[in-house]
file target-v3.cif (mmCIF, C-alpha atoms)
data_start
loop_
_atom_site.label_atom_id
_atom_site.label_comp_id
_atom_site.auth_asym_id
_atom_site.auth_seq_id
_atom_site.Cartn_x
_atom_site.Cartn_y
_atom_site.Cartn_z
CA MET A 60 11.61 60.44 6.96
CA PRO A 61 9.87 59.43 10.20
CA ASN A 62 7.13 61.72 11.55
CA GLN A 63 7.19 63.30 14.98
CA ASP A 64 5.24 60.47 16.63
CA GLU A 65 7.63 57.88 15.30
CA ILE A 66 10.60 59.90 16.47
CA TYR A 67 9.03 60.38 19.89
CA THR A 68 8.44 56.63 20.21
CA LYS A 69 12.06 55.86 19.40
CA VAL A 70 13.35 58.59 21.73
CA SER A 71 11.13 57.24 24.48
CA ALA A 72 12.42 53.71 23.96
CA THR A 73 15.99 55.01 24.07
CA LEU A 74 15.37 56.76 27.39
CA VAL A 75 13.74 53.64 28.84
CA GLU A 76 17.01 51.79 28.24
CA ALA A 77 19.41 54.58 29.12
CA LEU A 78 17.68 55.68 32.31
CA ASN A 79 16.20 52.36 33.33
CA VAL A 80 12.68 53.75 33.68
CA ASP A 81 9.34 52.25 32.68
CA GLU A 82 7.71 53.38 29.48
CA GLU A 83 4.68 54.54 31.46
CA GLU A 84 6.82 57.07 33.32
CA ILE A 85 7.72 58.94 30.14
CA ARG A 86 5.63 61.87 28.92
CA PRO A 87 6.51 64.48 26.29
CA THR A 88 6.95 67.01 29.07
CA SER A 89 9.01 64.75 31.34
CA THR A 90 12.26 66.42 32.33
CA LEU A 91 15.34 64.24 32.06
CA GLN A 92 16.82 65.18 35.42
CA GLY A 93 13.79 66.10 37.50
CA ASP A 94 11.29 63.47 36.38
CA LEU A 95 13.43 60.69 34.96
CA GLY A 96 16.40 60.84 37.30
CA ALA A 97 19.13 61.39 34.70
CA GLU A 98 22.63 62.06 35.99
CA SER A 99 25.34 63.87 34.05
CA ILE A 100 26.92 60.63 32.83
CA ASP A 101 23.51 59.57 31.47
CA PHE A 102 23.55 62.49 29.08
CA LEU A 103 26.62 61.03 27.39
CA ASP A 104 24.97 57.63 27.18
CA ILE A 105 21.83 59.21 25.68
CA VAL A 106 23.85 61.03 23.02
CA PHE A 107 25.61 57.83 21.96
CA ARG A 108 22.35 55.94 21.76
CA LEU A 109 20.57 58.66 19.80
CA GLU A 110 23.44 58.87 17.32
CA ARG A 111 23.22 55.16 16.71
CA GLU A 112 19.43 54.95 16.69
CA PHE A 113 18.90 57.76 14.20
CA GLY A 114 22.16 57.59 12.26
CA ILE A 115 23.03 61.22 13.06
CA LYS A 116 26.01 63.02 14.52
CA ILE A 117 25.39 65.12 17.60
CA PRO A 118 28.27 67.57 18.06
CA ARG A 119 29.28 68.19 21.63
CA GLY A 120 27.06 70.72 23.36
CA GLU A 121 24.52 70.94 20.54
CA LEU A 122 21.77 68.93 22.18
CA PHE A 123 22.78 69.42 25.83
CA PRO A 124 24.72 72.66 26.03
CA GLU A 125 27.22 72.64 28.86
CA SER A 126 27.74 75.67 31.09
CA ILE A 127 25.50 77.71 28.86
CA PHE A 128 26.40 81.03 30.32
CA SER A 129 29.63 80.46 32.24
CA GLY A 130 28.56 83.03 34.83
CA ASP A 131 28.66 85.81 32.25
CA PRO A 132 27.00 88.84 33.88
CA ASP A 133 25.48 89.83 30.53
CA PHE A 134 23.46 86.64 30.61
CA VAL A 135 22.86 85.99 34.28
CA GLN A 136 22.12 88.42 37.09
CA ASP A 137 21.08 87.52 40.63
CA GLY A 138 20.42 83.95 39.62
CA LYS A 139 18.10 84.95 36.81
CA VAL A 140 18.70 84.84 33.09
CA THR A 141 18.64 88.30 31.45
CA ASP A 142 16.89 89.17 28.19
CA GLN A 143 20.23 88.91 26.48
CA GLY A 144 20.66 85.52 28.06
CA LEU A 145 17.23 84.42 26.85
CA ALA A 146 18.14 85.48 23.33
CA GLU A 147 21.32 83.42 23.61
CA LEU A 148 19.32 80.44 24.83
CA ARG A 149 16.88 80.75 21.95
CA GLU A 150 19.77 80.74 19.52
CA ARG A 151 21.62 77.82 21.10
CA MET A 152 18.52 75.73 21.62
CA PRO A 153 15.94 76.56 18.92
CA PHE A 154 14.32 73.19 19.56
CA ALA A 155 13.58 73.95 23.24
CA ASP A 156 10.28 75.30 24.50
CA LEU A 157 11.11 78.43 26.47
CA SER A 158 7.55 79.65 27.03
CA ARG A 159 7.30 78.54 30.64
CA PHE A 160 10.93 79.25 31.46
CA GLU A 161 10.63 82.85 30.26
CA LYS A 162 8.04 83.59 32.93
CA ASN A 163 10.51 82.85 35.69
CA PRO A 164 13.97 82.44 34.19
CA GLU A 165 15.88 81.07 37.19
CA VAL A 166 19.27 79.74 36.18
CA SER A 167 18.70 76.74 38.41
CA ALA A 168 15.64 75.84 36.33
CA ILE A 169 17.51 75.55 33.04
CA SER A 170 17.73 71.81 33.42
CA ASP A 171 13.92 71.70 33.23
CA LEU A 172 14.27 72.62 29.57
CA PHE A 173 15.70 69.20 28.85
CA THR A 174 12.51 67.30 28.16
CA VAL A 175 11.60 64.34 25.99
CA ASP A 176 9.78 66.74 23.66
CA MET A 177 12.91 68.84 23.30
CA ILE A 178 14.92 65.83 22.18
CA THR A 179 12.17 64.84 19.75
CA ARG A 180 12.16 68.28 18.16
CA TYR A 181 15.95 68.34 17.98
CA ILE A 182 16.04 64.98 16.18
CA GLN A 183 13.31 66.08 13.84
CA GLY A 184 15.40 69.10 12.94
CA LYS A 185 18.52 67.01 12.38
CA LEU A 186 16.74 64.51 10.15
CA ALA A 187 15.28 67.32 8.06
CA GLN A 188 18.71 68.69 7.18
CA PRO A 189 19.65 67.89 3.58
CA ASN A 190 23.01 66.24 4.13
CA GLY A 191 22.02 64.90 7.52
CA ASN A 192 24.64 66.16 9.81
CA MET B 64 47.92 45.14 45.27
CA ARG B 65 48.75 45.52 41.62
CA TRP B 66 45.54 46.38 39.89
CA ILE B 67 46.47 45.00 36.48
CA TRP B 68 43.96 42.58 35.04
CA ILE B 69 45.51 41.95 31.64
CA ASP B 70 48.89 40.36 30.96
CA ARG B 71 49.73 41.43 27.47
CA PHE B 72 48.37 43.02 24.32
CA VAL B 73 48.54 40.83 21.22
CA GLU B 74 46.80 43.22 18.82
CA PHE B 75 46.37 46.97 18.94
CA ARG B 76 44.70 48.99 16.22
CA ARG B 77 44.82 52.58 17.35
CA GLY B 78 41.42 54.01 18.03
CA LYS B 79 39.68 50.93 16.65
CA SER B 80 40.23 47.64 18.43
CA ALA B 81 42.55 45.73 20.68
CA ARG B 82 43.10 42.21 21.88
CA ALA B 83 44.69 41.40 25.20
CA ILE B 84 45.21 38.17 27.08
CA LYS B 85 45.03 37.25 30.73
CA ASN B 86 46.33 33.97 32.05
CA LEU B 87 44.58 32.62 35.12
CA SER B 88 46.84 31.12 37.72
CA PHE B 89 45.62 29.07 40.67
CA ALA B 90 48.07 31.15 42.71
CA GLU B 91 45.91 34.27 42.29
CA GLU B 92 44.54 35.42 45.64
CA TYR B 93 40.84 35.53 44.85
CA PHE B 94 40.63 31.85 43.97
CA ALA B 95 41.12 30.99 47.62
CA ASP B 96 37.80 32.57 48.58
CA HIS B 97 35.91 32.50 45.29
CA PHE B 98 35.08 29.90 45.95
CA HIS B 99 36.75 27.63 48.43
CA GLY B 100 36.70 24.23 46.73
CA TYR B 101 35.33 25.61 43.45
CA PRO B 102 37.72 28.24 42.15
CA ILE B 103 36.23 30.54 39.52
CA MET B 104 37.21 34.04 38.48
CA PRO B 105 34.73 36.70 39.63
CA ALA B 106 32.89 38.14 36.63
CA SER B 107 33.57 41.63 37.99
CA LEU B 108 37.28 41.04 37.44
CA MET B 109 36.68 39.94 33.87
CA LEU B 110 34.79 43.21 33.45
CA GLU B 111 37.79 45.02 34.85
CA GLY B 112 39.98 43.25 32.30
CA LEU B 113 37.71 44.39 29.50
CA ALA B 114 37.62 47.88 30.95
CA GLN B 115 41.42 48.06 31.15
CA THR B 116 41.79 46.80 27.58
CA GLY B 117 39.21 49.33 26.40
CA GLY B 118 40.47 52.14 28.62
CA ILE B 119 43.99 51.82 27.25
CA LEU B 120 42.68 51.63 23.69
CA VAL B 121 40.68 54.80 24.21
CA GLY B 122 43.32 56.61 26.26
CA GLU B 123 46.03 55.96 23.72
CA VAL B 124 44.19 58.02 21.12
CA ASN B 125 45.05 61.16 23.06
CA ASP B 126 48.43 59.96 24.20
CA PHE B 127 47.12 59.07 27.67
CA ARG B 128 46.64 62.72 28.52
CA GLU B 129 42.98 62.15 29.35
CA LYS B 130 41.91 60.53 32.61
CA VAL B 131 39.78 57.69 31.26
CA VAL B 132 37.53 56.07 33.85
CA LEU B 133 34.78 53.48 33.74
CA ALA B 134 31.41 55.20 33.91
CA ILE B 135 28.64 52.90 32.70
CA ILE B 136 28.29 49.21 32.07
CA ARG B 137 25.23 48.99 29.88
CA GLN B 138 24.97 45.28 29.94
CA ALA B 139 27.21 42.37 30.72
CA ARG B 140 26.64 38.67 30.34
CA PHE B 141 28.76 35.75 31.37
CA GLU B 142 27.87 32.37 29.98
CA ARG B 143 30.25 30.19 31.85
CA GLU B 144 32.92 30.43 34.50
CA ALA B 145 36.62 31.09 33.99
CA ARG B 146 38.85 28.66 35.88
CA PRO B 147 42.48 28.38 36.93
CA GLY B 148 44.59 27.47 33.92
CA ASP B 149 42.31 29.25 31.45
CA ARG B 150 43.78 31.86 29.17
CA LEU B 151 41.28 34.65 28.66
CA THR B 152 41.24 36.71 25.49
CA TYR B 153 39.70 40.17 25.74
CA ASP B 154 38.59 41.61 22.42
CA VAL B 155 37.44 45.22 22.50
CA GLU B 156 36.12 47.44 19.72
CA VAL B 157 35.54 51.17 19.86
CA GLN B 158 31.94 52.15 19.07
CA HIS B 159 32.07 55.86 19.84
CA LEU B 160 34.99 58.13 20.58
CA ARG B 161 34.58 61.74 21.63
CA ASP B 162 36.55 64.26 23.63
CA GLU B 163 34.43 63.77 26.70
CA ALA B 164 33.52 60.07 26.57
CA ALA B 165 33.87 56.80 24.70
CA GLU B 166 31.89 53.59 24.21
CA VAL B 167 33.37 50.15 23.59
CA ARG B 168 32.05 46.65 23.16
CA GLY B 169 34.06 43.73 24.40
CA THR B 170 34.01 39.96 24.51
CA VAL B 171 35.79 37.50 26.75
CA SER B 172 36.83 34.18 25.26
CA VAL B 173 38.65 31.04 26.24
CA GLY B 174 40.14 29.69 23.06
CA LYS B 175 37.39 29.84 20.46
CA GLU B 176 34.62 29.80 23.03
CA LYS B 177 33.03 33.14 23.93
CA ILE B 178 32.25 33.14 27.63
CA GLY B 179 31.16 36.74 28.18
CA ASP B 180 30.49 40.15 26.67
CA ALA B 181 29.84 43.70 27.82
CA GLU B 182 29.15 47.25 26.64
CA ILE B 183 31.21 49.80 28.53
CA LEU B 184 31.16 53.61 28.55
CA PHE B 185 34.11 55.65 29.74
CA ALA B 186 34.13 59.24 30.90
CA HIS B 187 37.12 61.46 30.26
CA LEU B 188 37.25 63.27 33.56
CA ASP B 189 38.73 66.58 32.57
CA GLN B 190 36.44 66.95 29.59
CA ALA B 191 33.27 65.49 31.08
CA ARG B 192 33.34 67.11 34.49
CA SER B 193 35.10 70.35 33.91
CA GLN B 194 33.60 71.91 37.01
CA GLN B 195 35.77 69.76 39.24
CA MET B 196 39.49 70.10 39.38
CA PHE B 197 41.29 66.82 38.95
CA GLY B 198 44.70 68.33 38.55
CA ASP B 199 47.29 67.78 35.89
CA HIS B 200 48.70 64.52 37.15
CA ASN B 201 47.11 61.63 35.30
CA PHE B 202 46.39 59.18 38.07
CA VAL B 203 44.78 56.63 35.72
CA PHE B 204 47.67 55.81 33.44
CA THR B 205 50.52 55.47 35.93
CA GLY B 206 52.71 52.96 37.64
CA GLU B 207 52.49 49.39 36.43
CA MET B 208 49.93 50.43 33.85
CA LYS B 209 52.64 52.42 32.08
CA HIS B 210 54.52 49.24 31.33
CA LEU B 211 51.44 47.88 29.56
CA LEU B 212 51.01 51.12 27.65
CA GLY B 213 54.51 50.81 26.27
CA LEU B 214 53.77 47.24 25.20
CA ALA B 215 50.50 48.34 23.60
CA ARG B 216 52.35 50.88 21.52
CA MET B 217 54.91 48.31 20.40
CA ILE B 218 52.16 45.97 19.29
CA ALA B 219 50.37 48.83 17.54
CA ASP B 220 53.41 49.53 15.46
CA ARG B 221 53.60 45.90 14.48
CA THR B 222 49.85 45.56 13.87
CA GLU B 223 49.30 48.65 11.75
CA PRO B 224 49.21 47.71 8.06
CA PRO B 225 51.89 49.39 5.91
CA SER B 226 50.60 52.60 4.41
CA ALA B 227 49.75 52.64 0.74
CA GLY B 228 52.72 53.41 -1.42
CA SER B 229 55.36 52.04 0.91
CA PRO B 230 57.60 49.33 -0.50
CA GLY B 231 56.91 45.69 0.40
#
call {"tool": "encode", "arguments": {"input": "target-v3.cif", "output": "structure tokens"}}
result
Amino acid sequence: MPNQDEIYTKVSATLVEALNVDEEEIRPTSTLQGDLGAESIDFLDIVFRLEREFGIKIPRGELFPESIFSGDPDFVQDGKVTDQGLAELRERMPFADLSRFEKNPEVSAISDLFTVDMITRYIQGKLAQPNGN
Amino acid sequence: MRWIWIDRFVEFRRGKSARAIKNLSFAEEYFADHFHGYPIMPASLMLEGLAQTGGILVGEVNDFREKVVLAIIRQARFEREARPGDRLTYDVEVQHLRDEAAEVRGTVSVGKEKIGDAEILFAHLDQARSQQMFGDHNFVFTGEMKHLLGLARMIADRTEPPSAGSPG
């Protein structure tokens, strides 16, 4: 099984092709939308490429959850994610790094969670599963 | 104008692959300007032919309920021109098929000679962009396109191999 560096390198190469960016622009902390200019359609392209590259299946919403909270007042109040919402996020995205987000959990900043590192950790988790997927 | 860039399906394997043909006639409008004195089919229209072949292949899986639209062309190459009198064959294979999107790979040939290829991603509007309301009416698979859809289905029935256990 490839180690984290190898996975990161492959993920990086995938994003170079999908988002048409230079390799130099990609850092582990680069956000897909903010730093790398990804649009919503690019997320679909990225999922297809990752599935092919790593031979895994990525169920819909598992890597890039859509409408995470659907305006549920238990999870979001006044534009901020509640503690209950944070718990839900942790459960849905165990591979995401929430440490910075927790300090100022603005709903509008959720897209900043989608980083290259996050994808790398997700893939690592998928590859470690016994039957794959 | 009629925005139909394939003439007929000759093979249709549901959810897997399809082959369609397009005959190029010197009477087609674009040859007059593209180019005057050197008529060649614009590559963008060959891409449209591939996209229509692929879009119908993908749309048929869900009975044309989904609004299937072209979203990304990953890469496309055209090795030589297509000229009046050529018969183009579009061969498309499904690579990925999901509720919200699909990916196909296609080639364009004239006879045995491959003249182009492309990788195309489709978005299924209702599933991919649920925040916007597109309405119930499927504006993608309508009008003249419906005629082609009916033909595709007929070919599919003829192309599908007999299921195991059936006589003959």
call {"tool": "resolve_selection", "arguments": {"input": "target-v3.cif", "expression": "the PyMOL selection byres ((chain B) within 12 of (chain A))", "output": "number ranges by chain"}}
result
B: 132-138, 158-167, 182-188, 190-194
call {"tool": "resolve_selection", "arguments": {"input": "target-v3.cif", "expression": "the PyMOL selection byres ((chain B and resi 204) around 12)", "output": "PyMOL selection string"}}
result
chain B and resi 66-67+115+118-123+125-132+200-203+205-213
call {"tool": "resolve_selection", "arguments": {"input": "target-v3.cif", "expression": "the PyMOL selection byres ((chain B and resi 222) around 12)", "output": "number ranges by chain"}}
result
B: 72-77, 79-82, 215-221, 223-226
call {"tool": "residues_around", "arguments": {"input": "target-v3.cif", "residues": "Gly130 (chain A)", "least_positions_apart": "6", "cutoff": "10 Å", "atoms": "all atoms listed in the file", "output": "PyMOL selection string"}}
result
chain A and resi 136+138+166
call {"tool": "atom_distance", "arguments": {"input": "target-v3.cif", "atom1": "CA of Ser88 (chain B)", "atom2": "CA of Val157 (chain B)"}}
result
29.1 Å
call {"tool": "atom_distance", "arguments": {"input": "target-v3.cif", "atom1": "CA of Ile178 (chain B)", "atom2": "CA of Glu142 (chain B)"}}
result
5.0 Å
call {"tool": "closest_residue", "arguments": {"input": "target-v3.cif", "among": "A:Lys116, A:Pro124, A:Phe102, A:Leu148", "to": "Lys185 (chain A)", "atoms": "all atoms listed in the file"}}
result
A:Lys116
call {"tool": "residues_around", "arguments": {"input": "target-v3.cif", "residues": "Ala146 (chain A)", "least_positions_apart": "5", "cutoff": "12 Å", "atoms": "only C-alpha atoms", "output": "number ranges by chain"}}
result
A: 128, 133-135, 140-141, 151-153, 157, 161
call {"tool": "residues_near_point", "arguments": {"input": "target-v3.cif", "point": "(17.6, 60.9, 35.0)", "cutoff": "12 Å", "atoms": "all atoms listed in the file", "output": "PyMOL selection string"}}
result
chain A and resi 74-80+84-85+89-105+170-171+173-175
call {"tool": "atom_distance", "arguments": {"input": "target-v3.cif", "atom1": "CA of Phe113 (chain A)", "atom2": "CA of Ile182 (chain A)"}}
result
8.0 Å
call {"tool": "residues_around", "arguments": {"input": "target-v3.cif", "residues": "Tyr153 (chain B)", "least_positions_apart": "2", "cutoff": "7 Å", "atoms": "only C-alpha atoms", "output": "PyMOL selection string"}}
result
chain B and resi 82-84+113+151+155+169-172
call {"tool": "decode", "arguments": {"input": "target-v3.cif", "residues": "region 67-141 of chain A", "atoms": "C-alpha atoms", "output": "compact mmCIF listing (two decimals), in the first residue's frame"}}
result
# COMPACT_ATOMS: atom_id res chain seq x y z
CA TYR A 67 -0.10 13.05 -1.87
CA THR A 68 2.04 13.07 -5.02
CA LYS A 69 -0.62 11.25 -7.00
CA VAL A 70 -3.41 13.46 -5.64
CA SER A 71 -1.37 16.52 -6.53
CA ALA A 72 -0.80 15.27 -10.07
CA THR A 73 -4.53 14.59 -10.41
CA LEU A 74 -5.38 18.13 -9.35
CA VAL A 75 -2.82 19.59 -11.76
CA GLU A 76 -4.72 17.92 -14.60
CA ALA A 77 -8.24 18.47 -13.31
CA LEU A 78 -7.82 22.11 -12.34
CA ASN A 79 -5.21 23.08 -14.89
CA VAL A 80 -2.84 24.51 -12.30
CA ASP A 81 0.94 24.26 -12.03
CA GLU A 82 2.45 21.75 -9.65
CA GLU A 83 4.20 24.59 -7.82
CA GLU A 84 0.85 26.10 -6.87
CA ILE A 85 -0.20 23.04 -4.88
CA ARG A 86 0.53 22.77 -1.17
CA PRO A 87 -0.94 20.32 1.36
CA THR A 88 -2.98 23.17 2.81
CA SER A 89 -4.17 24.53 -0.55
CA THR A 90 -7.95 24.83 -0.62
CA LEU A 91 -9.60 23.50 -3.75
CA GLN A 92 -11.93 26.43 -4.28
CA GLY A 93 -10.09 29.33 -2.68
CA ASP A 94 -6.51 28.61 -3.73
CA LEU A 95 -6.86 26.36 -6.75
CA GLY A 96 -9.95 27.83 -8.36
CA ALA A 97 -12.10 24.69 -8.42
CA GLU A 98 -15.70 25.08 -9.55
CA SER A 99 -18.53 22.73 -8.64
CA ILE A 100 -18.21 20.76 -11.88
CA ASP A 101 -14.51 20.23 -11.11
CA PHE A 102 -15.43 18.27 -8.01
CA LEU A 103 -17.14 15.68 -10.19
CA ASP A 104 -14.11 15.51 -12.47
CA ILE A 105 -11.81 15.09 -9.46
CA VAL A 106 -13.91 12.22 -8.07
CA PHE A 107 -13.81 10.36 -11.39
CA ARG A 108 -10.07 10.81 -11.68
CA LEU A 109 -9.39 9.72 -8.11
CA GLU A 110 -11.53 6.62 -8.55
CA ARG A 111 -9.55 5.66 -11.61
CA GLU A 112 -6.14 6.61 -10.23
CA PHE A 113 -6.49 4.70 -6.98
CA GLY A 114 -8.90 1.96 -8.03
CA ILE A 115 -11.44 2.92 -5.36
CA LYS A 116 -15.13 3.75 -5.32
CA ILE A 117 -16.10 7.11 -3.89
CA PRO A 118 -19.81 7.09 -3.01
CA ARG A 119 -21.63 10.31 -3.67
CA GLY A 120 -21.15 12.85 -0.90
CA GLU A 121 -18.52 10.85 0.96
CA LEU A 122 -15.51 12.90 -0.05
CA PHE A 123 -17.28 16.18 -0.85
CA PRO A 124 -20.48 16.25 1.18
CA GLU A 125 -23.18 18.29 -0.49
CA SER A 126 -25.40 20.66 1.47
CA ILE A 127 -23.96 19.35 4.69
CA PHE A 128 -26.52 20.91 6.93
CA SER A 129 -29.44 21.83 4.68
CA GLY A 130 -30.14 24.89 6.81
CA ASP A 131 -31.00 22.72 9.80
CA PRO A 132 -31.23 25.08 12.80
CA ASP A 133 -29.73 22.39 15.05
CA PHE A 134 -26.54 22.62 13.04
CA VAL A 135 -26.40 26.22 11.90
CA GLN A 136 -27.37 29.39 13.72
CA ASP A 137 -26.71 32.95 12.57
CA GLY A 138 -24.33 31.73 9.91
CA LYS A 139 -22.24 29.77 12.37
CA VAL A 140 -22.03 26.03 12.85
CA THR A 141 -23.24 24.89 16.29
